[in-house]
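S.K.: Supplied structure: target_34.cif, mmCIF, C-alpha atoms (C1' of nucleotides).
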```cif
data_my_file
loop_
_atom_site.label_atom_id
_atom_site.label_comp_id
_atom_site.auth_asym_id
_atom_site.auth_seq_id
_atom_site.Cartn_x
_atom_site.Cartn_y
_atom_site.Cartn_z
CA MET E 1 131.49 184.35 -96.73
CA GLU E 2 132.22 186.75 -99.56
CA ALA E 3 132.41 183.91 -102.05
CA ALA E 4 129.03 182.61 -100.87
CA ILE E 5 127.41 186.03 -101.19
CA GLU E 6 128.92 186.42 -104.63
CA ILE E 7 127.39 183.15 -105.83
CA LEU E 8 124.03 183.94 -104.24
CA ASP E 9 123.87 187.41 -105.77
CA LYS E 10 124.91 186.26 -109.22
CA ASP E 11 122.94 183.05 -109.64
CA GLY E 12 120.31 182.94 -106.89
CA GLU E 13 119.85 180.84 -103.81
CA ASP E 14 119.65 177.48 -105.54
CA ALA E 15 123.07 178.07 -107.05
CA LEU E 16 124.79 178.05 -103.68
CA THR E 17 125.86 174.44 -103.28
CA PHE E 18 128.89 173.15 -101.45
CA ARG E 19 130.21 171.96 -104.80
CA ALA E 20 129.84 175.41 -106.37
CA LEU E 21 131.44 177.00 -103.34
CA THR E 22 134.38 174.56 -103.23
CA ALA E 23 134.93 175.07 -106.96
CA HIS E 24 134.87 178.83 -106.50
CA LEU E 25 137.35 178.66 -103.63
CA ALA E 26 139.41 175.83 -105.12
CA THR E 27 139.10 173.77 -101.97
CA GLY E 28 137.32 170.70 -100.55
CA SER E 29 133.94 170.51 -98.86
CA GLY E 30 135.60 169.53 -95.60
CA ALA E 31 137.37 172.88 -95.50
CA ILE E 32 134.02 174.67 -95.41
CA TYR E 33 132.60 172.31 -92.82
CA TRP E 34 135.54 173.13 -90.62
CA HIS E 35 134.36 176.74 -90.40
CA VAL E 36 130.61 176.31 -90.54
CA ALA E 37 128.28 173.67 -89.06
CA ASP E 38 125.97 173.24 -92.04
CA LYS E 39 124.33 175.02 -94.94
CA HIS E 40 121.77 176.73 -92.76
CA GLU E 41 124.52 178.35 -90.71
CA LEU E 42 126.24 179.44 -93.90
CA LEU E 43 123.11 181.18 -95.16
CA ALA E 44 122.38 182.71 -91.76
CA ALA E 45 125.93 184.08 -91.53
CA ALA E 46 125.74 185.53 -95.04
CA THR E 47 122.41 187.18 -94.21
CA ASP E 48 123.72 188.59 -90.95
CA HIS E 49 126.75 189.93 -92.80
CA ILE E 50 124.53 192.12 -94.94
CA ILE E 51 121.86 193.04 -92.39
CA ALA E 52 124.51 194.14 -89.91
CA ARG E 53 125.64 196.84 -92.33
CA VAL E 54 122.08 198.01 -92.94
CA MET E 55 121.39 198.32 -89.22
CA THR E 56 124.45 200.34 -88.29
CA GLU E 57 123.66 202.77 -91.06
CA ALA E 58 120.09 203.30 -89.83
CA VAL E 59 121.17 204.07 -86.27
CA LYS E 60 121.74 207.79 -86.82
CA GLU E 61 118.12 208.91 -87.22
CA PRO E 62 116.93 210.60 -83.97
CA ASN E 63 113.13 210.63 -84.50
CA PRO E 64 111.80 207.13 -83.68
CA GLN E 65 109.14 207.12 -86.42
CA ASP E 66 111.67 208.18 -89.03
CA ALA E 67 114.14 205.67 -87.63
CA ILE E 68 111.65 202.83 -88.11
CA HIS E 69 111.11 204.06 -91.65
CA THR E 70 114.80 204.15 -92.56
CA LEU E 71 115.36 200.87 -90.79
CA ALA E 72 112.51 199.12 -92.59
CA MET E 73 113.44 200.62 -95.93
CA GLY E 74 117.01 199.53 -95.33
CA VAL E 75 115.88 195.94 -94.94
CA PHE E 76 113.66 196.33 -97.98
CA ASP E 77 116.51 197.64 -100.10
CA ALA E 78 118.81 194.88 -98.89
CA ILE E 79 116.25 192.29 -99.99
CA ASP E 80 115.87 194.10 -103.27
CA ALA E 81 119.61 193.94 -103.85
CA HIS E 82 119.97 190.36 -102.55
CA PRO E 83 116.65 188.54 -102.94
CA TRP E 84 117.95 185.37 -101.25
CA ILE E 85 118.05 187.35 -97.97
CA GLY E 86 114.26 187.50 -98.12
CA SER E 87 113.84 183.73 -98.06
CA GLN E 88 116.48 183.31 -95.40
CA LEU E 89 114.98 185.95 -93.09
CA SER E 90 111.50 184.47 -93.25
CA ARG E 91 112.83 180.95 -92.71
CA ASP E 92 114.36 181.39 -89.29
CA PRO E 93 113.06 183.99 -86.80
CA TRP E 94 115.87 183.40 -84.30
CA GLN E 95 118.86 183.96 -86.47
CA ASP E 96 121.27 186.80 -85.70
CA ALA E 97 120.05 189.02 -88.53
CA VAL E 98 116.47 189.00 -87.22
CA LEU E 99 117.77 189.73 -83.73
CA ARG E 100 119.47 192.83 -85.06
CA ILE E 101 116.26 194.01 -86.68
CA LEU E 102 114.28 193.28 -83.52
CA GLU E 103 116.71 195.32 -81.45
CA GLY E 104 116.55 198.23 -83.89
CA VAL E 105 112.78 198.20 -84.13
CA GLY E 106 112.28 197.48 -80.42
CA GLY E 107 114.43 200.40 -79.35
CA ARG E 108 112.36 202.79 -81.45
CA VAL E 109 109.10 201.29 -80.22
CA GLN E 110 110.31 202.04 -76.72
CA ALA E 111 111.25 205.59 -77.73
CA LEU E 112 107.78 205.97 -79.17
CA GLY E 113 106.38 205.68 -75.67
CA VAL E 114 104.61 202.35 -76.03
CA PRO E 115 103.76 200.96 -72.56
CA LYS E 116 106.26 198.38 -71.35
CA GLN E 117 103.87 195.42 -71.42
CA ASP E 118 102.99 196.13 -75.07
CA GLN E 119 106.52 196.64 -76.39
CA PHE E 120 107.19 193.01 -77.21
CA ASN E 121 103.97 192.46 -79.15
CA THR E 122 104.34 195.80 -80.92
CA ALA E 123 107.93 195.22 -82.01
CA THR E 124 107.26 191.66 -83.15
CA ALA E 125 104.22 192.83 -85.11
CA LEU E 126 106.47 195.15 -87.09
CA ILE E 127 109.03 192.36 -87.48
CA SER E 128 106.38 189.91 -88.67
CA PHE E 129 105.19 192.35 -91.28
CA ILE E 130 108.74 192.99 -92.47
CA LEU E 131 109.54 189.28 -92.61
CA GLY E 132 106.26 188.61 -94.40
CA ILE E 133 107.17 191.11 -97.06
CA ALA E 134 110.65 189.61 -97.17
CA GLY E 135 109.32 186.18 -98.04
CA GLN E 136 106.91 187.49 -100.65
CA TYR E 137 109.47 189.70 -102.27
CA ALA E 138 111.97 186.86 -102.45
CA ALA E 139 109.35 184.63 -104.03
CA SER E 140 108.69 187.21 -106.71
CA ALA E 141 112.38 187.60 -107.36
CA ARG E 142 112.68 183.84 -107.81
CA PHE E 143 110.18 184.03 -110.66
CA VAL E 144 111.58 187.05 -112.40
CA ALA E 145 115.28 187.52 -112.76
CA SER E 146 115.34 190.88 -114.47
CA ASN E 147 113.10 193.86 -113.87
CA ALA E 148 112.16 193.76 -117.55
CA ASN E 149 109.97 190.68 -117.26
CA ARG E 150 108.75 191.68 -113.81
CA THR E 151 105.97 193.83 -115.29
CA GLU E 152 105.35 191.02 -117.75
CA HIS E 153 105.06 188.51 -114.93
CA LEU E 154 102.74 190.73 -112.89
CA GLY E 155 100.66 191.21 -116.01
CA ALA E 156 100.32 187.46 -116.38
CA VAL E 157 99.28 187.11 -112.73
CA ALA E 158 96.75 189.92 -113.12
CA ALA E 159 95.32 188.28 -116.24
CA LYS E 160 94.86 185.05 -114.31
CA TRP E 161 93.16 186.92 -111.47
CA GLU E 162 90.74 188.56 -113.86
CA GLN E 163 89.60 185.19 -115.09
CA LEU E 164 88.58 184.03 -111.62
CA ASP E 165 84.92 183.45 -110.79
CA PRO E 166 83.33 186.90 -110.16
CA ALA E 167 81.06 185.45 -107.48
CA GLU E 168 83.92 183.88 -105.55
CA TYR E 169 86.72 186.41 -106.09
CA PRO E 170 85.21 189.90 -106.43
CA PHE E 171 87.97 191.65 -104.51
CA VAL E 172 90.89 189.91 -106.19
CA ARG E 173 89.40 190.65 -109.60
CA GLN E 174 89.09 194.29 -108.69
CA VAL E 175 92.67 194.73 -107.50
CA ALA E 176 93.98 192.81 -110.52
CA LYS E 177 93.86 196.09 -112.44
CA ILE E 178 96.19 197.82 -109.98
CA LEU E 179 98.61 194.91 -109.63
CA PRO E 180 100.80 195.33 -112.74
CA GLY E 181 101.43 199.02 -112.11
CA HIS E 182 101.85 198.94 -108.36
CA ASP E 183 105.06 199.93 -106.59
CA ASP E 184 106.42 197.39 -104.07
CA ARG E 185 108.26 200.07 -102.18
CA GLU E 186 105.19 202.21 -101.73
CA GLN E 187 103.14 199.17 -100.75
CA PHE E 188 105.70 198.28 -98.11
CA LEU E 189 105.79 201.81 -96.73
CA ALA E 190 102.00 201.91 -96.61
CA GLY E 191 102.03 198.81 -94.42
CA ILE E 192 104.64 200.24 -92.07
CA ASN E 193 102.65 203.46 -91.79
CA LEU E 194 99.45 201.55 -91.06
CA ILE E 195 101.11 199.81 -88.14
CA LEU E 196 102.73 203.05 -86.95
CA THR E 197 99.33 204.72 -87.01
CA GLY E 198 97.96 201.83 -84.99
CA ILE E 199 100.75 202.19 -82.45
CA GLU E 200 100.19 205.94 -82.13
CA ARG E 201 96.45 205.48 -81.69
CA ALA E 202 96.80 202.67 -79.16
CA ARG E 203 99.10 204.87 -77.13
CA MET J 204 96.51 164.63 -101.66
CA GLU J 205 95.32 163.00 -98.47
CA ALA J 206 98.34 160.74 -98.39
CA ALA J 207 100.65 163.73 -98.78
CA ILE J 208 98.92 165.64 -95.97
CA GLU J 209 99.11 162.55 -93.78
CA ILE J 210 102.88 162.28 -94.25
CA LEU J 211 103.38 166.01 -93.73
CA ASP J 212 101.33 166.06 -90.54
CA LYS J 213 102.95 162.99 -89.08
CA ASP J 214 106.62 163.51 -89.89
CA GLY J 215 107.02 167.13 -91.04
CA GLU J 216 107.78 168.78 -94.32
CA ASP J 217 111.13 167.14 -94.94
CA ALA J 218 109.49 163.73 -94.76
CA LEU J 219 107.38 164.33 -97.85
CA THR J 220 109.51 162.86 -100.62
CA PHE J 221 108.32 161.26 -103.79
CA ARG J 222 109.79 158.01 -102.52
CA ALA J 223 107.84 158.22 -99.25
CA LEU J 224 104.69 159.08 -101.11
CA THR J 225 105.04 156.29 -103.68
CA ALA J 226 105.73 153.82 -100.87
CA HIS J 227 102.66 155.03 -98.99
CA LEU J 228 100.50 154.73 -102.09
CA ALA J 229 102.19 151.56 -103.43
CA THR J 230 102.78 153.17 -106.80
CA GLY J 231 105.57 154.62 -108.96
CA SER J 232 106.83 158.19 -109.05
CA GLY J 233 105.55 158.57 -112.61
CA ALA J 234 102.01 158.05 -111.37
CA ILE J 235 102.28 161.13 -109.17
CA TYR J 236 103.91 163.18 -111.91
CA TRP J 237 100.96 162.37 -114.11
CA HIS J 238 98.67 164.28 -111.75
CA VAL J 239 100.98 167.01 -110.55
CA ALA J 240 103.69 169.05 -112.29
CA ASP J 241 106.29 169.01 -109.53
CA LYS J 242 106.80 169.03 -105.79
CA HIS J 243 105.97 172.70 -105.45
CA GLU J 244 102.56 172.14 -107.00
CA LEU J 245 102.00 169.19 -104.68
CA LEU J 246 102.71 171.33 -101.61
CA ALA J 247 100.63 174.23 -102.95
CA ALA J 248 97.68 171.92 -103.61
CA ALA J 249 97.93 170.38 -100.15
CA THR J 250 98.03 173.84 -98.58
CA ASP J 251 95.07 175.05 -100.62
CA HIS J 252 93.15 171.93 -99.61
CA ILE J 253 93.35 172.94 -95.95
CA ILE J 254 93.08 176.73 -96.31
CA ALA J 255 89.97 176.36 -98.45
CA ARG J 256 88.17 174.73 -95.55
CA VAL J 257 89.29 177.42 -93.12
CA MET J 258 88.05 180.16 -95.43
CA THR J 259 84.58 178.80 -96.06
CA GLU J 260 84.09 178.42 -92.31
CA ALA J 261 85.01 182.03 -91.63
CA VAL J 262 82.58 183.42 -94.18
CA LYS J 263 79.58 183.56 -91.84
CA GLU J 264 80.71 186.40 -89.56
CA PRO J 265 78.79 189.62 -90.53
CA ASN J 266 80.91 192.26 -88.73
CA PRO J 267 84.02 192.95 -90.84
CA GLN J 268 86.38 193.43 -87.89
CA ASP J 269 85.21 190.20 -86.28
CA ALA J 270 85.42 188.49 -89.66
CA ILE J 271 89.07 189.49 -90.05
CA HIS J 272 89.67 188.14 -86.56
CA THR J 273 88.06 184.76 -87.20
CA LEU J 274 89.70 184.57 -90.58
CA ALA J 275 93.17 185.33 -89.24
CA MET J 276 92.74 183.03 -86.27
CA GLY J 277 91.54 180.34 -88.64
CA VAL J 278 94.78 180.61 -90.59
CA PHE J 279 96.72 180.66 -87.33
CA ASP J 280 95.01 177.51 -86.07
CA ALA J 281 95.57 175.79 -89.39
CA ILE J 282 99.30 176.52 -89.15
CA ASP J 283 99.27 175.35 -85.56
CA ALA J 284 97.69 172.06 -86.61
CA HIS J 285 99.82 171.68 -89.76
CA PRO J 286 103.10 173.61 -89.32
CA TRP J 287 104.27 172.82 -92.88
CA ILE J 288 101.50 175.12 -94.14
CA GLY J 289 103.35 178.02 -92.57
CA SER J 290 106.48 177.49 -94.63
CA GLN J 291 104.51 176.87 -97.77
CA LEU J 292 102.36 180.00 -97.38
CA SER J 293 105.35 182.26 -96.86
CA ARG J 294 107.21 180.70 -99.76
CA ASP J 295 104.85 181.60 -102.59
CA PRO J 296 102.58 184.66 -102.41
CA TRP J 297 100.70 183.79 -105.58
CA GLN J 298 99.54 180.33 -104.78
CA ASP J 299 95.82 179.58 -104.59
CA ALA J 300 95.74 179.42 -100.80
CA VAL J 301 97.08 182.96 -100.46
CA LEU J 302 94.60 184.14 -103.05
CA ARG J 303 91.78 182.78 -100.91
CA ILE J 304 93.09 184.63 -97.85
CA LEU J 305 93.53 187.81 -99.88
CA GLU J 306 89.94 187.62 -101.08
CA GLY J 307 88.64 187.00 -97.57
CA VAL J 308 90.66 189.81 -96.05
CA GLY J 309 90.12 192.16 -98.99
CA GLY J 310 86.36 191.80 -98.87
CA ARG J 311 86.29 192.77 -95.20
CA VAL J 312 88.69 195.66 -95.77
CA GLN J 313 86.20 196.92 -98.33
CA ALA J 314 83.33 196.46 -95.88
CA LEU J 315 85.33 198.42 -93.33
CA GLY J 316 84.98 201.46 -95.57
CA VAL J 317 88.60 201.84 -96.57
CA PRO J 318 88.87 204.19 -99.60
CA LYS J 319 89.17 202.33 -102.86
CA GLN J 320 92.72 203.44 -103.65
CA ASP J 321 93.94 202.19 -100.26
CA GLN J 322 92.23 198.81 -100.29
CA PHE J 323 95.03 196.94 -102.05
CA ASN J 324 97.80 198.19 -99.76
CA THR J 325 95.66 197.67 -96.68
CA ALA J 326 94.67 194.12 -97.53
CA THR J 327 98.20 193.13 -98.52
CA ALA J 328 99.56 194.64 -95.29
CA LEU J 329 97.32 192.29 -93.33
CA ILE J 330 98.34 189.41 -95.60
CA SER J 331 102.03 190.20 -95.17
CA PHE J 332 101.69 190.21 -91.42
CA ILE J 333 99.82 186.90 -91.48
CA LEU J 334 102.36 185.30 -93.82
CA GLY J 335 105.19 186.68 -91.71
CA ILE J 336 103.76 185.02 -88.64
CA ALA J 337 103.19 181.88 -90.71
CA GLY J 338 106.86 181.61 -91.58
CA GLN J 339 108.01 182.29 -88.05
CA TYR J 340 105.59 179.88 -86.51
CA ALA J 341 106.60 177.15 -88.94
CA ALA J 342 110.25 177.76 -88.12
CA SER J 343 109.54 177.33 -84.42
CA ALA J 344 107.61 174.16 -85.08
CA ARG J 345 110.55 172.78 -87.03
CA PHE J 346 112.71 173.12 -83.94
CA VAL J 347 110.29 171.76 -81.43
CA ALA J 348 108.20 168.74 -82.26
CA SER J 349 106.16 168.50 -79.10
CA ASN J 350 104.75 171.32 -76.99
CA ALA J 351 106.63 169.90 -74.02
CA ASN J 352 110.04 171.07 -75.20
CA ARG J 353 108.62 174.25 -76.69
CA THR J 354 108.90 176.07 -73.36
CA GLU J 355 112.29 174.48 -72.95
CA HIS J 356 113.38 175.74 -76.35
CA LEU J 357 112.08 179.25 -75.71
CA GLY J 358 113.90 179.19 -72.40
CA ALA J 359 117.14 178.35 -74.18
CA VAL J 360 116.60 181.18 -76.68
CA ALA J 361 115.84 183.60 -73.85
CA ALA J 362 118.98 182.54 -71.99
CA LYS J 363 121.03 183.24 -75.11
CA TRP J 364 119.39 186.64 -75.46
CA GLU J 365 120.22 187.55 -71.88
CA GLN J 366 123.89 186.92 -72.54
CA LEU J 367 124.04 189.45 -75.37
CA ASP J 368 126.05 192.64 -74.97
CA PRO J 369 123.93 195.07 -72.86
CA ALA J 370 125.22 198.04 -74.84
CA GLU J 371 124.30 196.56 -78.19
CA TYR J 372 121.11 194.66 -77.35
CA PRO J 373 119.27 196.47 -74.52
CA PHE J 374 115.80 195.83 -75.91
CA VAL J 375 116.29 192.17 -76.75
CA ARG J 376 117.74 191.54 -73.30
CA GLN J 377 114.71 193.17 -71.74
CA VAL J 378 112.11 191.17 -73.66
CA ALA J 379 114.05 187.94 -73.05
CA LYS J 380 112.25 187.71 -69.70
CA ILE J 381 108.82 187.72 -71.35
CA LEU J 382 109.73 185.35 -74.16
CA PRO J 383 109.43 181.95 -72.45
CA GLY J 384 105.99 182.69 -71.00
CA HIS J 385 104.46 184.50 -73.95
CA ASP J 386 101.41 183.25 -75.82
CA ASP J 387 101.78 183.04 -79.62
CA ARG J 388 98.06 183.34 -80.12
CA GLU J 389 97.78 186.50 -78.08
CA GLN J 390 100.85 187.94 -79.82
CA PHE J 391 99.28 187.26 -83.19
CA LEU J 392 95.98 188.81 -82.19
CA ALA J 393 97.78 191.88 -80.84
CA GLY J 394 99.38 192.38 -84.25
CA ILE J 395 96.09 192.05 -86.08
CA ASN J 396 94.49 194.52 -83.69
CA LEU J 397 97.34 196.99 -84.17
CA ILE J 398 96.78 196.97 -87.92
CA LEU J 399 93.00 197.16 -87.51
CA THR J 400 93.44 200.17 -85.25
CA GLY J 401 95.67 201.74 -87.88
CA ILE J 402 93.03 201.11 -90.56
CA GLU J 403 90.29 202.60 -88.42
CA ARG J 404 92.37 205.67 -87.65
CA ALA J 405 93.46 206.19 -91.25
CA ARG J 406 89.85 206.10 -92.31
"C1'" DA I 407 144.75 173.28 -86.53
"C1'" DC I 408 143.11 173.01 -90.82
"C1'" DC I 409 142.39 170.86 -95.46
"C1'" DT I 410 141.51 166.97 -99.15
"C1'" DG I 411 138.18 164.51 -101.70
"C1'" DA I 412 136.14 160.05 -102.20
"C1'" DA I 413 132.11 157.92 -100.43
"C1'" DC I 414 127.42 157.71 -98.42
"C1'" DA I 415 122.79 158.30 -98.29
"C1'" DC I 416 119.82 160.56 -100.02
"C1'" DC I 417 116.95 163.91 -103.34
"C1'" DG I 418 113.47 165.54 -107.58
"C1'" DT I 419 112.59 164.46 -112.16
"C1'" DT I 420 112.50 161.98 -116.66
"C1'" DC I 421 111.11 158.67 -119.88
"C1'" DA I 422 110.97 154.29 -122.41
"C1'" DA I 423 108.11 150.74 -121.69
"C1'" DG I 424 104.04 148.81 -120.24
"C1'" DT I 425 98.55 148.20 -119.49
"C1'" DA P 426 94.64 157.66 -120.38
"C1'" DC P 427 97.26 156.35 -116.82
"C1'" DC P 428 101.02 153.71 -114.42
"C1'" DT P 429 105.85 151.32 -113.66
"C1'" DG P 430 110.40 151.86 -112.00
"C1'" DA P 431 115.08 152.09 -113.49
"C1'" DA P 432 118.16 155.73 -114.55
"C1'" DC P 433 119.96 160.50 -114.45
"C1'" DA P 434 121.83 164.33 -112.49
"C1'" DC P 435 122.21 166.16 -108.82
"C1'" DC P 436 122.27 167.27 -103.42
"C1'" DG P 437 124.31 167.94 -98.11
"C1'" DT P 438 127.27 165.70 -95.10
"C1'" DT P 439 130.89 162.59 -93.20
"C1'" DC P 440 135.36 161.03 -92.27
"C1'" DA P 441 139.76 158.61 -92.91
"C1'" DA P 442 143.71 160.42 -94.46
"C1'" DG P 443 146.78 163.97 -95.17
"C1'" DT P 444 149.80 168.53 -94.07
#
```
Represent the structure contained in this file as structure tokens.
M.R.:
Amino acid sequence: MEAAIEILDKDGEDALTFRALTAHLATGSGAIYWHVADKHELLAAATDHIIARVMTEAVKEPNPQDAIHTLAMGVFDAIDAHPWIGSQLSRDPWQDAVLRILEGVGGRVQALGVPKQDQFNTATALISFILGIAGQYAASARFVASNANRTEHLGAVAAKWEQLDPAEYPFVRQVAKILPGHDDREQFLAGINLILTGIERAR
Amino acid sequence: MEAAIEILDKDGEDALTFRALTAHLATGSGAIYWHVADKHELLAAATDHIIARVMTEAVKEPNPQDAIHTLAMGVFDAIDAHPWIGSQLSRDPWQDAVLRILEGVGGRVQALGVPKQDQFNTATALISFILGIAGQYAASARFVASNANRTEHLGAVAAKWEQLDPAEYPFVRQVAKILPGHDDREQFLAGINLILTGIERAR
DNA sequence: ACCTGAACACCGTTCAAGT
DNA sequence: ACCTGAACACCGTTCAAGT
């Protein structure tokens, strides 16, 4: 598990192959298959390994709104530190790691006083948003390895957006100016707050 | 393009290989590579092909809230009809198809009267939620081919949830009862409405 | 019970050679 | 300009054989 995470963190998700892992552990592929059913289970276990730590740390917060914040930011930071988690989370909604997040979010949704029949839809809405961000963030990370060429990459995307047809893409052209300077973290928090406001209002 | 979509719809995303496509078109792999850079571009083009149609159909609606509804449901229905779109959308946030959705959503967010500095975060929050659902829905579709064993599959998931430790997973155990009977479409709409309520309130 | 590692059945992609 | 298809450099997974 640790060896797998090490490879994923150092060289990205494509670098984790059974051959790379067997080389790293000086073993045969059969040895790994004895402990894990397939590659998907390997990735899911590695993801759960990290998310589990994030969740237990976020448990302390007593205020439900704040708890959802810390919880969501915990997931965000985990994805930031290990971008491959983002792809894995958005790939399979029923893996253990997602279950942990659902429990954490769901508990706070309950504490928020959301009526019982709305709790499932409310919690999964938050989860969907978080997983959506996860996938997007992972995709960005795949393009840009270092933070140095991140701004460069966003600049290139923005330049492409500004060359779109003004009649067809007025909005995209307008936000192209904000894109290179925008803060992912703030953007994520804004989304969480939007949903929290919706929850509060609906209640 | 049509041949690729045909294969994807009939046998799922794993079935689209260059070998399957060349066999279907009675050509060589080089012929495809002449028109498309790589597999990712092929998938992105196929996705854009379908999303483009959805978007132009949703343009008519004058009321911005209703427009966001039709637009989101259009994407949802497209994923329902072609589950591979879900994976593809959540994989790359900067592909053409996502840009189309962003423009559609962004325009309505503007029409909703959201202050200029909040429009980007608001529109991308909606996009993130939609892409999050896209990934999850595609994952479900990967597990269950027909709708017949969908309920069966959800029942199995729910049964697993109910066997979790009551102390650690109280919320998940509680919603396990609702899971098998729940309606994805309604769940999706509830999420959209939650965000729309948040937008309205913030304004 | 757990590990070895060759072998199998695939992939995406390239590129010299054709028309 | 566009296509052919063999060849390359990989994959995940299996399984007889070992300890």
S.K.: I want to know what sits within 9 Å of Val114 (chain E), based on all atoms listed in the file, with residues of the same chain fewer than 6 positions away left out; could you give that as a count of residues only?
M.R.: 5
S.K.: Once the PyMOL selection byres ((chain P) within 8 of (chain J)) is applied to the coordinates I shared, what remains selected? I want it as a list of chain:residue names.
M.R.: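 Output from the PyMOL selection byres ((chain P) within 8 of (chain J)), applied to this file: P:DC427, P:DC428, P:DT429, P:DG430.
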S.K.: List every residue of chain E that has an atom at most 6 Å from any atom of chain J, and for each one report the closest atom pair and its distance in Å to one decimal, counting only C-alpha atoms, with rows sorted by chain and then by increasing residue number, as JSON lines.
M.R.:
```
{"residue": "E:Ser90", "atom": "CA", "partner": "J:Gly338", "partner_atom": "CA", "distance": 5.7}
{"residue": "E:Asp92", "atom": "CA", "partner": "J:Ala342", "partner_atom": "CA", "distance": 5.6}
{"residue": "E:Pro93", "atom": "CA", "partner": "J:Gln339", "partner_atom": "CA", "distance": 5.5}
{"residue": "E:Glu103", "atom": "CA", "partner": "J:Phe374", "partner_atom": "CA", "distance": 5.6}
{"residue": "E:Gly106", "atom": "CA", "partner": "J:Phe374", "partner_atom": "CA", "distance": 6.0}
{"residue": "E:Gly107", "atom": "CA", "partner": "J:Phe374", "partner_atom": "CA", "distance": 5.9}
{"residue": "E:Asn121", "atom": "CA", "partner": "J:Gln390", "partner_atom": "CA", "distance": 5.5}
{"residue": "E:Ala125", "atom": "CA", "partner": "J:Gly394", "partner_atom": "CA", "distance": 4.9}
{"residue": "E:Ser128", "atom": "CA", "partner": "J:Gly335", "partner_atom": "CA", "distance": 4.6}
{"residue": "E:Phe129", "atom": "CA", "partner": "J:Phe332", "partner_atom": "CA", "distance": 4.1}
{"residue": "E:Leu131", "atom": "CA", "partner": "J:Gly335", "partner_atom": "CA", "distance": 5.1}
{"residue": "E:Gly132", "atom": "CA", "partner": "J:Gly335", "partner_atom": "CA", "distance": 3.5}
{"residue": "E:Ile133", "atom": "CA", "partner": "J:Ser331", "partner_atom": "CA", "distance": 5.6}
{"residue": "E:Gly135", "atom": "CA", "partner": "J:Ser293", "partner_atom": "CA", "distance": 5.7}
{"residue": "E:Gln136", "atom": "CA", "partner": "J:Pro296", "partner_atom": "CA", "distance": 5.5}
{"residue": "E:Ala139", "atom": "CA", "partner": "J:Asp295", "partner_atom": "CA", "distance": 5.6}
{"residue": "E:Phe171", "atom": "CA", "partner": "J:Glu306", "partner_atom": "CA", "distance": 5.6}
{"residue": "E:Val172", "atom": "CA", "partner": "J:Glu306", "partner_atom": "CA", "distance": 5.7}
{"residue": "E:Gln187", "atom": "CA", "partner": "J:Asn324", "partner_atom": "CA", "distance": 5.5}
{"residue": "E:Gly191", "atom": "CA", "partner": "J:Ala328", "partner_atom": "CA", "distance": 4.9}
{"residue": "E:Leu194", "atom": "CA", "partner": "J:Gly401", "partner_atom": "CA", "distance": 4.9}
{"residue": "E:Ile195", "atom": "CA", "partner": "J:Ile398", "partner_atom": "CA", "distance": 5.2}
{"residue": "E:Thr197", "atom": "CA", "partner": "J:Gly401", "partner_atom": "CA", "distance": 4.8}
{"residue": "E:Gly198", "atom": "CA", "partner": "J:Gly401", "partner_atom": "CA", "distance": 3.7}
```
S.K.: Step by step, work through what the PyMOL selection byres ((chain P and resi 437) around 12) selects in the shown file, and finish by giving those residues as a ChimeraX atom specification.
M.R.: /E:16-19,29-30,33,37-40 /I:414-417 /P:435-436,438-439
S.K.: Determine the residue set returned by the PyMOL selection byres ((chain J and resi 210) around 12) for the present structure, and present it as a list of chain:residue names.
M.R.: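 So the PyMOL selection byres ((chain J and resi 210) around 12) ends up selecting J:Met204, J:Glu205, J:Ala206, J:Ala207, J:Ile208, J:Glu209, J:Leu211, J:Asp212, J:Lys213, J:Asp214, J:Gly215, J:Glu216, J:Asp217, J:Ala218, J:Leu219, J:Thr220, J:Phe221, J:Arg222, J:Ala223, J:Leu224, J:Thr225, J:Ala226, J:His227, J:Leu228, J:Leu246, J:Ala249, J:His285, J:Trp287.
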S.K.: If I take CA of Leu315 (chain J) and CA of Gln268 (chain J), how far is one from the other in Å, to one decimal?
M.R.: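 Between CA of Leu315 (chain J) and CA of Gln268 (chain J) the gap works out to 7.5 Å.
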S.K.: One number please: CA of Pro115 (chain E) to CA of Leu71 (chain E), in Å, one decimal.
M.R.: 21.6 Å
S.K.: Could you state the separation of CA of Ala58 (chain E) and CA of Ile101 (chain E) in Å, given to one decimal place?
M.R.: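 We find that CA of Ala58 (chain E) and CA of Ile101 (chain E) lie 10.5 Å from each other.
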S.K.: Let me have the centre and edge lengths in Å, one decimal, of the box along x, y and z around every listed atom of region 429-437 of chain P with 3 Å of margin on each side, as JSON.
M.R.:
```
{"center_x": 115.1, "center_y": 159.6, "center_z": -106.3, "size_x": 24.5, "size_y": 22.6, "size_z": 22.4}
```
S.K.: Using all atoms listed in the file, list the residues that have an atom at most 9 Å from (93.7, 180.0, -93.8), coordinates as in the file, as a PyMOL selection string.
M.R.: chain J and resi 250-251+253-258+274-282+300-301+303-304
